[in-house]
file entry.txt (compact mmCIF, C-alpha atoms and all ligand atoms)
# COMPACT_ATOMS: atom_id res chain seq x y z
CA MET A 812 0.00 0.00 0.00
CA SER A 813 3.09 2.21 -0.07
CA ASP A 814 1.83 4.12 -3.10
CA LEU A 815 -1.18 5.42 -1.19
CA PRO A 816 -1.16 8.31 1.28
CA LEU A 817 -1.05 7.91 5.02
CA ILE A 818 -4.80 7.74 5.41
CA PHE A 819 -4.76 4.18 4.05
CA ASP A 820 -2.41 2.94 6.74
CA GLU A 821 -4.09 0.28 8.79
CA PRO A 822 -4.54 1.16 12.45
CA LYS A 823 -2.62 -1.25 14.65
CA GLN A 824 -4.75 -4.05 15.99
CA LYS A 825 -3.83 -5.14 19.50
CA GLN A 826 -4.74 -8.73 18.90
CA LYS A 827 -5.25 -9.98 15.38
CA ALA A 828 -8.56 -11.61 14.51
CA PRO A 829 -8.09 -15.35 13.87
CA LYS A 830 -7.30 -16.08 10.25
CA HIS A 831 -10.28 -17.47 8.36
CA LEU A 832 -10.84 -19.18 5.01
CA ALA A 833 -12.31 -15.86 3.81
CA ASP A 834 -8.94 -14.16 4.48
CA MET A 835 -6.95 -16.69 2.49
CA SER A 836 -5.81 -16.91 -1.10
CA LYS A 837 -5.84 -20.32 -2.79
CA GLU A 838 -2.11 -20.62 -2.11
CA GLU A 839 -2.60 -19.84 1.57
CA ARG A 840 -5.32 -22.48 1.86
CA LYS A 841 -2.98 -25.01 0.29
CA ALA A 842 -0.13 -24.05 2.59
CA LEU A 843 -2.37 -24.43 5.62
CA CYS A 844 -3.37 -27.93 4.52
CA GLU A 845 0.30 -28.82 4.26
CA GLU A 846 0.93 -27.41 7.72
CA LEU A 847 -1.95 -29.49 9.09
CA GLY A 848 -0.72 -32.57 7.24
CA ILE A 849 -3.96 -33.01 5.29
CA PRO A 850 -4.50 -33.23 1.53
CA ALA A 851 -5.16 -29.94 -0.29
CA PHE A 852 -8.63 -31.01 -1.46
CA ARG A 853 -9.87 -30.74 2.14
CA ALA A 854 -9.66 -26.94 1.88
CA ASN A 855 -11.89 -27.08 -1.19
CA GLN A 856 -14.38 -29.22 0.71
CA VAL A 857 -14.50 -26.60 3.47
CA ALA A 858 -15.00 -23.89 0.83
CA VAL A 859 -17.98 -25.80 -0.60
CA HIS A 860 -19.52 -26.07 2.87
CA TYR A 861 -18.89 -22.41 3.62
CA TYR A 862 -19.72 -20.62 0.36
CA THR A 863 -22.07 -23.06 -1.37
CA HIS A 864 -24.00 -24.65 1.52
CA LEU A 865 -23.40 -21.79 4.02
CA GLU A 866 -22.78 -24.57 6.54
CA THR A 867 -20.35 -23.81 9.36
CA ASP A 868 -21.28 -26.67 11.70
CA PRO A 869 -18.44 -29.17 11.22
CA GLU A 870 -20.73 -31.99 12.40
CA LYS A 871 -22.59 -31.57 9.11
CA TRP A 872 -19.46 -31.84 6.97
CA SER A 873 -20.19 -35.45 6.17
CA ASP A 874 -17.59 -35.76 3.41
CA ILE A 875 -14.82 -35.06 5.91
CA PRO A 876 -13.87 -37.86 8.35
CA ALA A 877 -15.48 -37.19 11.74
CA ASP A 878 -12.18 -37.23 13.62
CA MET A 879 -10.72 -34.52 11.35
CA ARG A 880 -13.62 -32.10 11.36
CA GLU A 881 -12.85 -30.14 14.50
CA LYS A 882 -9.21 -29.64 13.63
CA ILE A 883 -10.11 -28.50 10.13
CA ALA A 884 -12.89 -26.20 11.36
CA ASN A 885 -10.57 -24.59 13.95
CA ALA A 886 -8.01 -23.92 11.24
CA PHE A 887 -10.30 -22.70 8.45
CA THR A 888 -13.51 -21.38 9.97
CA PRO A 889 -12.70 -20.18 13.50
CA LYS A 890 -15.53 -18.27 15.15
CA LEU A 891 -14.99 -14.59 14.33
CA MET A 892 -18.04 -12.99 15.84
CA GLU A 893 -21.03 -13.57 18.00
CA LEU A 894 -24.50 -12.15 17.71
CA VAL A 895 -25.24 -9.70 20.52
CA ARG A 896 -28.67 -8.52 19.50
CA THR A 897 -31.11 -8.47 16.61
CA LEU A 898 -33.69 -5.77 15.98
CA GLN A 899 -36.48 -6.42 13.51
CA THR A 900 -39.05 -4.25 11.80
CA ASP A 901 -41.34 -4.33 8.72
CA SER A 902 -42.84 -7.63 10.01
CA GLY A 903 -39.38 -9.17 10.03
CA LEU A 904 -38.49 -8.12 6.48
CA THR A 905 -35.80 -5.79 7.83
CA ARG A 906 -33.39 -6.88 10.53
CA LYS A 907 -30.33 -5.35 12.05
CA ASP A 908 -27.74 -7.58 13.68
CA LEU A 909 -25.22 -6.33 16.19
CA TRP A 910 -22.04 -8.42 16.32
CA ARG A 911 -19.26 -8.63 18.89
CA LEU A 912 -15.84 -9.44 17.46
CA HIS A 913 -13.07 -11.39 19.22
CA ASP A 914 -11.68 -8.26 20.90
CA GLY A 915 -15.06 -6.91 22.06
CA THR A 916 -15.44 -4.54 19.09
CA LEU A 917 -19.06 -4.05 17.98
CA VAL A 918 -20.24 -3.85 14.38
CA GLU A 919 -23.61 -4.10 12.70
CA SER A 920 -25.20 -5.29 9.50
CA VAL A 921 -28.71 -4.73 8.13
CA LEU A 922 -30.62 -7.19 5.96
CA MET A 923 -33.65 -6.12 3.92
CA LYS A 924 -35.93 -8.54 2.11
CA TYR A 925 -38.04 -7.33 -0.82
CA PRO A 926 -40.43 -9.38 -2.98
CA ASP A 927 -37.81 -9.92 -5.67
CA ARG A 928 -34.47 -9.44 -3.91
CA ALA A 929 -32.63 -9.29 -0.61
CA THR A 930 -29.97 -6.71 0.22
CA VAL A 931 -27.45 -6.74 3.03
CA CYS A 932 -25.76 -3.55 4.18
CA ILE A 933 -22.40 -4.40 5.73
CA SER A 934 -19.73 -2.69 7.82
CA SER A 935 -16.13 -2.57 6.60
CA GLN A 936 -14.64 -0.88 9.67
CA ALA A 937 -15.50 -0.60 13.34
CA GLY A 938 -16.20 3.11 13.58
CA CYS A 939 -14.97 5.46 10.87
CA GLY A 940 -12.22 8.05 10.59
CA MET A 941 -13.94 10.28 8.06
CA ALA A 942 -15.80 12.41 10.65
CA CYS A 943 -18.78 13.48 8.52
CA PRO A 944 -20.80 15.54 11.04
CA PHE A 945 -24.25 14.19 10.03
CA CYS A 946 -23.26 10.50 10.37
CA ALA A 947 -23.53 8.70 13.72
CA THR A 948 -20.58 6.40 12.98
CA GLY A 949 -18.36 9.36 12.15
CA GLN A 950 -18.74 10.83 15.63
CA GLY A 951 -16.83 8.12 17.50
CA GLY A 952 -13.76 7.95 15.23
CA LEU A 953 -12.13 4.83 13.84
CA LYS A 954 -11.73 1.87 16.17
CA ARG A 955 -10.18 -0.54 13.72
CA ASN A 956 -10.34 -2.07 10.29
CA LEU A 957 -12.28 -5.30 9.93
CA THR A 958 -10.59 -8.30 8.36
CA ALA A 959 -11.94 -9.81 5.13
CA GLY A 960 -13.15 -12.70 7.29
CA GLU A 961 -15.12 -10.36 9.55
CA ILE A 962 -16.72 -8.57 6.59
CA THR A 963 -17.44 -11.80 4.71
CA GLU A 964 -19.04 -13.38 7.78
CA GLN A 965 -21.68 -10.62 7.81
CA ILE A 966 -22.53 -11.54 4.22
CA VAL A 967 -22.52 -15.31 4.68
CA ASN A 968 -24.75 -14.91 7.73
CA ALA A 969 -27.19 -12.83 5.67
CA ALA A 970 -27.12 -15.37 2.84
CA ARG A 971 -27.94 -18.12 5.36
CA LEU A 972 -30.86 -16.14 6.84
CA CYS A 973 -32.25 -15.65 3.33
CA ALA A 974 -31.78 -19.27 2.27
CA SER A 975 -33.25 -20.75 5.46
CA GLY A 976 -36.50 -18.81 5.19
CA GLU A 977 -35.80 -17.04 8.51
CA MET A 978 -36.65 -13.70 6.88
CA GLY A 979 -40.26 -14.85 6.60
CA GLY A 980 -42.17 -16.10 3.57
CA GLU A 981 -40.39 -18.02 0.86
CA PRO A 982 -36.64 -18.55 1.14
CA ILE A 983 -34.78 -16.17 -1.14
CA ARG A 984 -31.25 -15.92 -2.47
CA LEU A 985 -29.19 -13.04 -1.11
CA SER A 986 -28.95 -10.87 -4.21
CA ASN A 987 -27.35 -7.52 -3.30
CA ILE A 988 -24.53 -6.38 -1.08
CA VAL A 989 -23.92 -2.73 -0.22
CA PHE A 990 -20.88 -1.37 1.62
CA MET A 991 -22.99 1.25 3.36
CA GLY A 992 -22.75 0.20 6.98
CA MET A 993 -20.07 1.46 9.32
CA GLY A 994 -16.76 2.59 7.92
CA GLU A 995 -15.09 3.87 4.77
CA PRO A 996 -14.44 0.82 2.58
CA LEU A 997 -11.61 2.37 0.58
CA ALA A 998 -9.73 3.14 3.82
CA ASN A 999 -9.67 -0.65 4.42
CA TYR A 1000 -8.69 -1.37 0.86
CA LYS A 1001 -7.09 -4.82 0.98
CA ALA A 1002 -9.75 -6.47 3.12
CA VAL A 1003 -12.55 -4.91 1.05
CA VAL A 1004 -11.09 -6.07 -2.26
CA GLN A 1005 -10.59 -9.58 -0.85
CA THR A 1006 -14.22 -9.51 0.35
CA ILE A 1007 -15.46 -8.48 -3.11
CA ARG A 1008 -13.51 -11.42 -4.54
CA ASN A 1009 -15.16 -13.70 -1.97
CA ILE A 1010 -18.56 -12.38 -3.05
CA THR A 1011 -18.01 -12.59 -6.79
CA SER A 1012 -15.84 -15.70 -7.24
CA PRO A 1013 -17.91 -18.61 -8.50
CA ASN A 1014 -18.74 -21.47 -6.11
CA PRO A 1015 -16.93 -23.00 -4.36
CA ASP A 1016 -14.31 -20.26 -4.08
CA GLY A 1017 -16.88 -17.59 -3.33
CA LEU A 1018 -20.59 -16.85 -3.20
CA GLY A 1019 -20.93 -16.47 -6.97
CA ILE A 1020 -22.88 -13.20 -6.75
CA SER A 1021 -22.36 -10.90 -9.72
CA ALA A 1022 -20.24 -7.79 -9.24
CA ARG A 1023 -23.09 -5.67 -10.61
CA SER A 1024 -25.08 -6.57 -7.49
CA VAL A 1025 -22.40 -5.12 -5.20
CA THR A 1026 -22.30 -1.40 -4.32
CA LEU A 1027 -19.18 0.17 -2.90
CA SER A 1028 -19.95 3.51 -1.29
CA THR A 1029 -17.11 5.95 -0.63
CA VAL A 1030 -16.62 9.46 0.76
CA GLY A 1031 -14.38 9.99 -2.24
CA LEU A 1032 -10.84 8.84 -1.50
CA VAL A 1033 -9.49 9.64 -4.94
CA PRO A 1034 -6.34 7.46 -4.86
CA GLY A 1035 -8.46 4.58 -3.57
CA VAL A 1036 -11.00 4.96 -6.40
CA GLU A 1037 -8.16 5.12 -8.93
CA LYS A 1038 -6.53 2.00 -7.55
CA PHE A 1039 -9.88 0.21 -7.39
CA THR A 1040 -10.51 1.06 -11.06
CA GLU A 1041 -7.48 -1.07 -11.93
CA GLU A 1042 -8.80 -4.15 -10.06
CA GLY A 1043 -11.24 -5.02 -12.83
CA LEU A 1044 -14.11 -5.59 -10.39
CA PRO A 1045 -17.15 -3.98 -12.05
CA VAL A 1046 -19.18 -3.25 -8.93
CA THR A 1047 -21.48 -0.23 -8.68
CA LEU A 1048 -19.54 2.72 -7.32
CA ALA A 1049 -21.41 5.18 -5.11
CA VAL A 1050 -19.87 8.53 -4.23
CA SER A 1051 -21.18 10.30 -1.13
CA LEU A 1052 -21.16 13.79 -2.57
CA HIS A 1053 -23.88 15.47 -0.47
CA THR A 1054 -23.30 18.85 -2.09
CA PRO A 1055 -21.90 20.04 -5.42
CA ASP A 1056 -19.80 22.91 -4.01
CA ASP A 1057 -16.43 22.55 -2.29
CA GLU A 1058 -17.18 25.26 0.23
CA LEU A 1059 -20.01 23.36 1.96
CA ARG A 1060 -18.53 19.93 1.21
CA ASP A 1061 -15.35 20.82 3.13
CA SER A 1062 -17.48 20.73 6.29
CA LEU A 1063 -20.08 18.05 5.39
CA VAL A 1064 -17.47 15.55 4.17
CA PRO A 1065 -14.19 16.76 5.71
CA ILE A 1066 -11.96 14.65 3.41
CA ASN A 1067 -13.04 17.14 0.74
CA THR A 1068 -10.31 19.43 2.05
CA ARG A 1069 -7.91 16.90 0.42
CA TYR A 1070 -9.88 15.65 -2.56
CA LYS A 1071 -12.17 18.18 -4.22
CA VAL A 1072 -15.54 17.61 -5.92
CA ARG A 1073 -13.95 18.02 -9.35
CA GLU A 1074 -11.29 15.39 -8.57
CA ILE A 1075 -13.65 12.77 -7.15
CA LEU A 1076 -16.03 13.16 -10.10
CA ALA A 1077 -13.11 12.74 -12.50
CA ALA A 1078 -12.04 9.56 -10.69
CA ALA A 1079 -15.64 8.24 -10.77
CA ASP A 1080 -15.87 9.08 -14.50
CA ALA A 1081 -12.71 7.07 -15.15
CA TYR A 1082 -14.20 4.18 -13.17
CA ALA A 1083 -17.40 4.35 -15.23
CA LYS A 1084 -15.40 4.45 -18.44
CA LYS A 1085 -13.29 1.44 -17.49
CA THR A 1086 -16.16 -0.70 -16.18
CA GLY A 1087 -19.02 0.53 -18.35
CA ARG A 1088 -21.01 0.92 -15.14
CA ARG A 1089 -23.04 3.99 -14.28
CA TYR A 1090 -22.11 5.33 -10.85
CA SER A 1091 -24.30 6.72 -8.08
CA ILE A 1092 -24.11 10.04 -6.33
CA GLU A 1093 -25.32 9.74 -2.75
CA TYR A 1094 -26.93 12.91 -1.46
CA ALA A 1095 -28.41 13.13 2.05
CA LEU A 1096 -30.94 15.96 1.94
CA ILE A 1097 -30.48 18.14 5.03
CA LYS A 1098 -33.03 20.86 5.72
CA ASP A 1099 -31.74 24.33 4.82
CA ILE A 1100 -28.15 23.06 4.59
CA ASN A 1101 -27.75 21.43 1.18
CA ASP A 1102 -31.32 21.22 -0.17
CA GLN A 1103 -31.66 24.61 -1.90
CA ALA A 1104 -32.88 24.69 -5.50
CA TRP A 1105 -29.68 26.51 -6.57
CA ARG A 1106 -27.64 23.56 -5.30
CA ALA A 1107 -29.85 21.19 -7.28
CA ASP A 1108 -29.20 23.41 -10.27
CA LEU A 1109 -25.43 23.30 -9.73
CA LEU A 1110 -25.56 19.52 -9.28
CA GLY A 1111 -27.65 19.14 -12.44
CA LYS A 1112 -25.06 21.15 -14.41
CA LEU A 1113 -22.22 19.04 -12.98
CA LEU A 1114 -23.88 15.72 -13.77
CA LYS A 1115 -25.88 16.28 -16.94
CA SER A 1116 -23.23 14.88 -19.24
CA ARG A 1117 -21.91 12.24 -16.85
CA ASN A 1118 -22.77 8.56 -16.58
CA ALA A 1119 -24.21 9.06 -13.10
CA HIS A 1120 -27.45 8.73 -11.24
CA VAL A 1121 -28.44 10.55 -8.05
CA ASN A 1122 -29.68 8.74 -4.98
CA LEU A 1123 -31.31 11.21 -2.59
CA ILE A 1124 -31.44 10.09 1.04
CA PRO A 1125 -33.76 11.93 3.43
CA LEU A 1126 -31.42 12.69 6.35
CA ASN A 1127 -31.77 10.24 9.21
CA PRO A 1128 -31.16 12.61 12.13
CA THR A 1129 -28.56 11.38 14.59
CA PRO A 1130 -29.08 11.85 18.34
CA GLY A 1131 -28.25 15.35 19.49
CA SER A 1132 -27.86 16.72 15.97
CA LYS A 1133 -29.45 20.06 15.07
CA TRP A 1134 -29.96 18.87 11.51
CA THR A 1135 -33.06 17.24 10.15
CA ALA A 1136 -34.54 15.98 6.87
CA SER A 1137 -35.70 18.43 4.22
CA ARG A 1138 -39.27 19.66 3.91
CA PRO A 1139 -41.22 17.50 1.42
CA ALA A 1140 -41.73 20.51 -0.88
CA ASP A 1141 -37.97 21.22 -0.98
CA GLN A 1142 -37.19 17.56 -1.68
CA LYS A 1143 -39.72 17.56 -4.52
CA GLU A 1144 -38.25 20.71 -6.02
CA PHE A 1145 -34.72 19.26 -5.74
CA VAL A 1146 -35.85 16.20 -7.72
CA ARG A 1147 -37.60 18.36 -10.30
CA VAL A 1148 -34.57 20.55 -10.94
CA LEU A 1149 -32.25 17.54 -11.34
CA GLU A 1150 -34.70 15.87 -13.70
CA SER A 1151 -34.90 19.04 -15.77
CA TYR A 1152 -31.24 18.38 -16.61
CA GLY A 1153 -32.06 14.80 -17.60
CA VAL A 1154 -30.21 13.45 -14.56
CA PRO A 1155 -31.77 10.18 -13.31
CA VAL A 1156 -32.86 10.54 -9.67
CA THR A 1157 -34.23 8.15 -7.07
CA VAL A 1158 -35.18 8.85 -3.47
CA ARG A 1159 -33.89 6.13 -1.18
CA ASP A 1160 -36.51 4.28 0.81
CA THR A 1161 -36.14 4.76 4.51
CA ARG A 1162 -36.48 1.15 5.58
CA GLY A 1163 -35.21 0.34 9.01
CA ARG A 1164 -35.42 3.87 10.43
CA GLU A 1165 -37.18 2.64 13.56
CA ILE A 1166 -34.23 0.35 14.27
CA ASP A 1167 -31.66 3.01 13.38
CA GLY A 1168 -30.76 1.12 10.23
CA ALA A 1169 -27.69 2.16 8.28
CA CYS A 1170 -26.30 4.84 10.52
CA GLY A 1171 -24.25 3.15 13.22
CA GLN A 1172 -26.63 4.15 15.93
CA LEU A 1173 -27.18 0.74 17.49
CA ALA A 1174 -23.50 0.05 17.95
CA ALA A 1175 -23.07 3.60 19.29
CA SER A 1176 -25.81 3.24 21.90
CA GLU A 1177 -24.59 -0.23 22.93
CA SER A 1178 -21.08 1.14 23.55
CA SER A 1179 -22.29 4.13 25.55
CA ASN A 1180 -24.30 1.80 27.83
CA LYS A 1181 -21.14 0.14 29.02
N1 LIG A 1201 -18.06 5.67 4.15
C1 LIG A 1201 -18.95 5.33 3.07
C2 LIG A 1201 -20.11 4.47 3.54
C3 LIG A 1201 -20.91 5.21 4.58
S1 LIG A 1201 -22.61 4.90 4.87
C4 LIG A 1201 -19.48 6.58 2.43
O1 LIG A 1201 -19.31 7.65 3.00
O2 LIG A 1201 -20.05 6.49 1.35
C5 LIG A 1201 -23.48 5.02 3.38
C6 LIG A 1201 -24.20 6.32 3.10
O3 LIG A 1201 -25.03 6.78 4.17
C7 LIG A 1201 -23.23 7.45 2.79
O4 LIG A 1201 -23.65 8.10 1.64
C8 LIG A 1201 -23.39 8.34 4.01
O5 LIG A 1201 -23.02 9.65 3.72
C9 LIG A 1201 -24.87 8.17 4.31
N2 LIG A 1201 -25.26 8.62 5.66
C10 LIG A 1201 -24.50 8.61 6.79
N3 LIG A 1201 -25.21 9.12 7.82
C11 LIG A 1201 -26.43 9.44 7.33
C12 LIG A 1201 -27.59 10.03 7.92
N4 LIG A 1201 -27.61 10.37 9.19
N5 LIG A 1201 -28.67 10.21 7.13
C13 LIG A 1201 -28.63 9.85 5.83
N6 LIG A 1201 -27.56 9.32 5.22
C14 LIG A 1201 -26.47 9.12 5.96
call {"tool": "encode", "arguments": {"input": "entry.txt", "output": "structure tokens"}}
result
Amino acid sequence: MSDLPLIFDEPKQKQKAPKHLADMSKEERKALCEELGIPAFRANQVAVHYYTHLETDPEKWSDIPADMREKIANAFTPKLMELVRTLQTDSGLTRKDLWRLHDGTLVESVLMKYPDRATVCISSQAGCGMACPFCATGQGGLKRNLTAGEITEQIVNAARLCASGEMGGEPIRLSNIVFMGMGEPLANYKAVVQTIRNITSPNPDGLGISARSVTLSTVGLVPGVEKFTEEGLPVTLAVSLHTPDDELRDSLVPINTRYKVREILAAADAYAKKTGRRYSIEYALIKDINDQAWRADLLGKLLKSRNAHVNLIPLNPTPGSKWTASRPADQKEFVRVLESYGVPVTVRDTRGREIDGACGQLAASESSNK
């Protein structure tokens, strides 16, 4: 990572999370088999159980001799996290899981089931160092990066909940993964790229979910976007812009003091050109802060000839914040102005609000209760 600026340096972890199949390359799996004195095909069997059958109970690994199962499970699929609490809403169609990691760190993931799809929103870091003032996670700073194993486990757990029918109604296949939980994914670059490979590699080396169904949301770390463009992983890129002007963005998304609106849009354009994928502009509408019609006009001008689409998010107010969501009339006008430039716009549904979905609030309140 030496070619990236300091901000990408991984914070020191006191005690490393146990290494998991999801952290390993094929070569590393092979080397571990050698170390354990077992044939290399055993690692592939574990991968089939983990990624294809979503089965982590070694007792059910019937193709592996009973007396080897525990040893193999300890080596390849050590327990990385335990469920602390689940909150459900929408008659069980939305659930938020709070996880405790080996060192006591708390992270959360949110799973949403729709008639035709199921989306999991995952955390890539515990806390976040980006300090956006409207975001609950940003207020507590960065605790640590998650390992690829810890990120992948959130996804495999969601896939299992979908497949088992525990989300209610018919079982469904987990179809979409969004990096929109806690953390800045491009500030945990290596683990996030490994996780995307775990998601997109065909069975049994991964979950076999198409890259187009994965959304990577970033504050706009330009060198990270540029490096990611070279990976050849055509996921949907989402840029959390929140305002078209540098003056306001310097305070709403403080990393803007390093990477300006113009630079992040150029990096996203290059990503779109390389992958052929339209990117998203995330825009949390905050009453009287960034929701003026003139800002919509400026945004429309910036985006009209770009391969981008705008996702407006009514602000989910964080505890103690003076900011709130825009008036409905202002939101409507914002949409109208953008559409007048031919810019595609959607307004994000606010599923999971009652359980503080997507904003780090559950983990924050759990920590402050201690
Ligand atoms: N660090 C990544 C992922 C963060 S969460 C990023 O910044 O993109 C995903 C989205 O939720 C981001 O667009 C973020 O700005 C937005 N968000 C954070 N807090 C919010 C809030 N209180 N209300 C609405 N959107 C919020």
call {"tool": "axis_aligned_box", "arguments": {"input": "entry.txt", "around": "ligand LIG 1201 (chain A)", "padding_each_side": "8 Å", "output": "lines of an AutoDock Vina configuration file"}}
result
center_x = -23.4
center_y = 7.4
center_z = 5.3
size_x = 26.6
size_y = 21.9
size_z = 23.8
call {"tool": "closest_residue", "arguments": {"input": "entry.txt", "among": "A:Asp1080, A:Asp1102, A:Glu1144, A:Asp874", "to": "Asn1118 of chain A", "atoms": "only C-alpha atoms"}}
result
A:Asp1080
call {"tool": "residues_near_point", "arguments": {"input": "entry.txt", "point": "(-29.9, 16.2, 5.7)", "cutoff": "7 Å", "atoms": "all atoms listed in the file", "output": "mmCIF file with C-alpha atoms, keeping the file's coordinate frame"}}
result
data_model
loop_
_atom_site.group_PDB
_atom_site.id
_atom_site.type_symbol
_atom_site.label_atom_id
_atom_site.label_comp_id
_atom_site.auth_asym_id
_atom_site.auth_seq_id
_atom_site.Cartn_x
_atom_site.Cartn_y
_atom_site.Cartn_z
ATOM 1 C CA ALA A 1095 -28.410 13.130 2.050
ATOM 2 C CA LEU A 1096 -30.940 15.960 1.940
ATOM 3 C CA ILE A 1097 -30.480 18.140 5.030
ATOM 4 C CA LYS A 1098 -33.030 20.860 5.720
ATOM 5 C CA PRO A 1125 -33.760 11.930 3.430
ATOM 6 C CA LEU A 1126 -31.420 12.690 6.350
ATOM 7 C CA TRP A 1134 -29.960 18.870 11.510
ATOM 8 C CA THR A 1135 -33.060 17.240 10.150
ATOM 9 C CA ALA A 1136 -34.540 15.980 6.870
ATOM 10 C CA SER A 1137 -35.700 18.430 4.220
#
call {"tool": "closest_residue", "arguments": {"input": "entry.txt", "among": "A:Tyr1000, A:Phe945, A:Trp910, A:Tyr1152", "to": "ligand LIG 1201 (chain A)", "atoms": "all atoms listed in the file"}}
result
A:Phe945
call {"tool": "residues_around", "arguments": {"input": "entry.txt", "residues": "Val895 of chain A", "least_positions_apart": "3", "cutoff": "10 Å", "atoms": "only C-alpha atoms", "output": "list in words"}}
result
Met892, Asp908, Leu909, Trp910, Arg911, Leu912, Leu917, Val918, Glu919 and Glu1177 of chain A
call {"tool": "residues_near_ligand", "arguments": {"input": "entry.txt", "ligand": "ligand LIG 1201 (chain A)", "cutoff": "6 Å", "atoms": "all atoms listed in the file", "output": "number ranges by chain"}}
result
A: 945-946, 991-992, 994-995, 1028-1030, 1050-1051, 1093, 1095, 1124, 1126-1129, 1170
call {"tool": "closest_residue", "arguments": {"input": "entry.txt", "among": "A:Arg1117, A:His864, A:Lys907, A:His831", "to": "Lys890 of chain A", "atoms": "all atoms listed in the file"}}
result
A:His831
call {"tool": "closest_residue", "arguments": {"input": "entry.txt", "among": "A:Val1064, A:Ser935, A:Val859, A:Pro850", "to": "Pro1013 of chain A", "atoms": "all atoms listed in the file"}}
result
A:Val859
call {"tool": "residues_around", "arguments": {"input": "entry.txt", "residues": "segment 940-944 of chain A", "least_positions_apart": "5", "cutoff": "9 Å", "atoms": "all atoms listed in the file", "output": "PyMOL selection string"}}
result
chain A and resi 949-954+994-995+998+1030+1062-1066+1132
call {"tool": "atom_distance", "arguments": {"input": "entry.txt", "atom1": "atom CA of Lys1071 of chain A", "atom2": "atom CA of Ile1007 of chain A"}}
result
26.9 Å
call {"tool": "residues_around", "arguments": {"input": "entry.txt", "residues": "segment 835-840 of chain A", "least_positions_apart": "4", "cutoff": "10 Å", "atoms": "only C-alpha atoms", "output": "PyMOL selection string"}}
result
chain A and resi 830-831+844-846+851-855+858+886-887+959-960+1005+1009+1016
call {"tool": "closest_residue", "arguments": {"input": "entry.txt", "among": "A:Asp927, A:Gly1035, A:Tyr861, A:Lys841", "to": "Ile966 of chain A", "atoms": "all atoms listed in the file"}}
result
A:Tyr861
call {"tool": "closest_residue", "arguments": {"input": "entry.txt", "among": "A:Ala828, A:Asp1141, A:Leu843, A:Met978", "to": "Arg906 of chain A", "atoms": "all atoms listed in the file"}}
result
A:Met978
call {"tool": "atom_distance", "arguments": {"input": "entry.txt", "atom1": "atom CA of Tyr1082 of chain A", "atom2": "atom CA of Leu1048 of chain A"}}
result
8.1 Å
call {"tool": "atom_distance", "arguments": {"input": "entry.txt", "atom1": "atom CA of Asp1108 of chain A", "atom2": "atom CA of Ala1083 of chain A"}}
result
23.0 Å
call {"tool": "residues_near_point", "arguments": {"input": "entry.txt", "point": "(-17.5, 2.0, 10.5)", "cutoff": "6 Å", "atoms": "only C-alpha atoms", "output": "list in words"}}
result
Ser934, Gln936, Ala937, Gly938, Cys939, Thr948, Met993 and Gly994 of chain A
